[in-house]
Amino acid sequence: MRIAPSLCGGCGGQAFFVLVNDCGAERERSGCGSRAFIADSEDYWEEDSWETERSGPAYCPCGRDKFEAAVAFSLGEDGSIRWVTVGLRCIADGFCGVHIDWEIDHGPTDHLLTMV
């Protein structure tokens, strides 16, 4: 397993608003507004997955929506990525949780390690 923190490529910030659906996650930097998809999310973002319980902005139980994010990559025996898990830590109260995870069933996958 590999775990990497999300950092904004533009400003280096670590606080994000996060959108999730059954296909993945997209993060928006709360400071500069820069947006980025996590792992292979962009490839499946337009699919009909916005009508599920897990679709929409991520919220903490305290009601806030600004997070630090980290991505865990579960690796197969051959070293390829098999599963992506997005963990979020609320900026307001420190609550941590997994907000979305999904399977990777294609290759190659090495480039996904930098898309956090």
# chains A, B, ... in the order shown; residues from 1 in each chain; ligands from 1
>>> residues_around(residues="Met1 (chain A)", least_positions_apart="3", cutoff="6 Å", atoms="only C-alpha atoms", output="list of chain:residue names")
A:Phe73, A:Ser74, A:Leu75
>>> residues_around(residues="region 2-8 of chain A", least_positions_apart="5", cutoff="12 Å", atoms="only C-alpha atoms", output="mmCIF file with C-alpha atoms, in the first residue's frame")
data_model
loop_
_atom_site.group_PDB
_atom_site.id
_atom_site.type_symbol
_atom_site.label_atom_id
_atom_site.label_comp_id
_atom_site.auth_asym_id
_atom_site.auth_seq_id
_atom_site.Cartn_x
_atom_site.Cartn_y
_atom_site.Cartn_z
ATOM 1 C CA GLY A 13 -2.068 24.307 -0.248
ATOM 2 C CA GLN A 14 -3.674 21.373 1.520
ATOM 3 C CA ALA A 15 -7.283 22.481 2.229
ATOM 4 C CA PHE A 16 -9.895 21.336 -0.304
ATOM 5 C CA PHE A 17 -13.580 21.105 -1.068
ATOM 6 C CA VAL A 18 -14.222 17.583 -2.409
ATOM 7 C CA ALA A 25 -13.441 12.256 -6.583
ATOM 8 C CA GLU A 26 -12.531 15.760 -7.662
ATOM 9 C CA ARG A 27 -10.919 18.283 -5.329
ATOM 10 C CA GLU A 28 -11.021 22.074 -5.434
ATOM 11 C CA ARG A 29 -8.448 24.088 -3.533
ATOM 12 C CA SER A 30 -10.289 26.307 -1.056
ATOM 13 C CA GLY A 31 -7.661 29.058 -1.394
ATOM 14 C CA CYS A 32 -6.816 29.412 -5.086
ATOM 15 C CA GLY A 33 -9.764 27.512 -6.618
ATOM 16 C CA SER A 34 -7.564 25.102 -8.588
ATOM 17 C CA ARG A 35 -9.362 21.828 -9.402
ATOM 18 C CA ALA A 36 -7.991 18.329 -9.965
ATOM 19 C CA PHE A 37 -9.379 14.829 -10.309
ATOM 20 C CA ILE A 38 -8.022 12.113 -8.036
ATOM 21 C CA ALA A 39 -6.448 9.066 -9.733
ATOM 22 C CA PHE A 67 -10.726 19.004 4.229
ATOM 23 C CA GLU A 68 -7.154 17.855 4.056
ATOM 24 C CA ALA A 69 -7.070 14.791 1.794
ATOM 25 C CA ALA A 70 -4.891 11.719 1.419
ATOM 26 C CA VAL A 71 -5.104 8.903 -1.086
ATOM 27 C CA ALA A 72 -4.263 5.281 -0.313
ATOM 28 C CA PHE A 73 -3.353 2.995 -3.188
ATOM 29 C CA SER A 74 -3.724 -0.750 -2.612
ATOM 30 C CA LEU A 75 -1.272 -2.619 -4.798
ATOM 31 C CA GLY A 76 -1.519 -6.045 -6.409
ATOM 32 C CA GLY A 79 2.832 -3.715 -8.050
ATOM 33 C CA SER A 80 -0.060 -2.320 -10.068
ATOM 34 C CA ILE A 81 -2.784 -0.313 -8.347
ATOM 35 C CA ARG A 82 -5.899 -2.338 -7.612
ATOM 36 C CA TRP A 83 -7.877 -0.046 -5.300
ATOM 37 C CA VAL A 84 -8.008 3.692 -4.547
ATOM 38 C CA THR A 85 -9.259 5.037 -1.202
ATOM 39 C CA VAL A 86 -9.755 8.748 -0.468
ATOM 40 C CA GLY A 87 -9.522 9.756 3.169
ATOM 41 C CA LEU A 88 -10.508 13.210 4.364
ATOM 42 C CA ARG A 89 -9.692 15.096 7.575
ATOM 43 C CA ASP A 110 1.820 3.879 -12.285
ATOM 44 C CA LEU A 112 -2.133 7.336 -10.918
ATOM 45 C CA LEU A 113 0.301 7.536 -7.987
ATOM 46 C CA THR A 114 0.928 11.191 -8.827
ATOM 47 C CA MET A 115 -2.741 12.096 -9.256
ATOM 48 C CA VAL A 116 -3.689 12.772 -5.663
#
>>> atom_distance(atom1="CA of Leu19 (chain A)", atom2="CA of Cys90 (chain A)")
14.2 Å
>>> atom_distance(atom1="CA of Glu42 (chain A)", atom2="CA of Ile91 (chain A)")
25.4 Å
>>> atom_distance(atom1="CA of Gly94 (chain A)", atom2="CA of Asn21 (chain A)")
22.8 Å
>>> select_by_dssp(residues="region 11-102 of chain A", states="strand (DSSP E or B)", output="VMD selection string")
chain A and resid 16 to 21 24 to 29 35 to 37 56 to 57 67 to 75 81 to 90 96 to 102
>>> residues_around(residues="Tyr44 (chain A)", least_positions_apart="5", cutoff="10 Å", atoms="only C-alpha atoms", output="PyMOL selection string")
chain A and resi 21-24+49
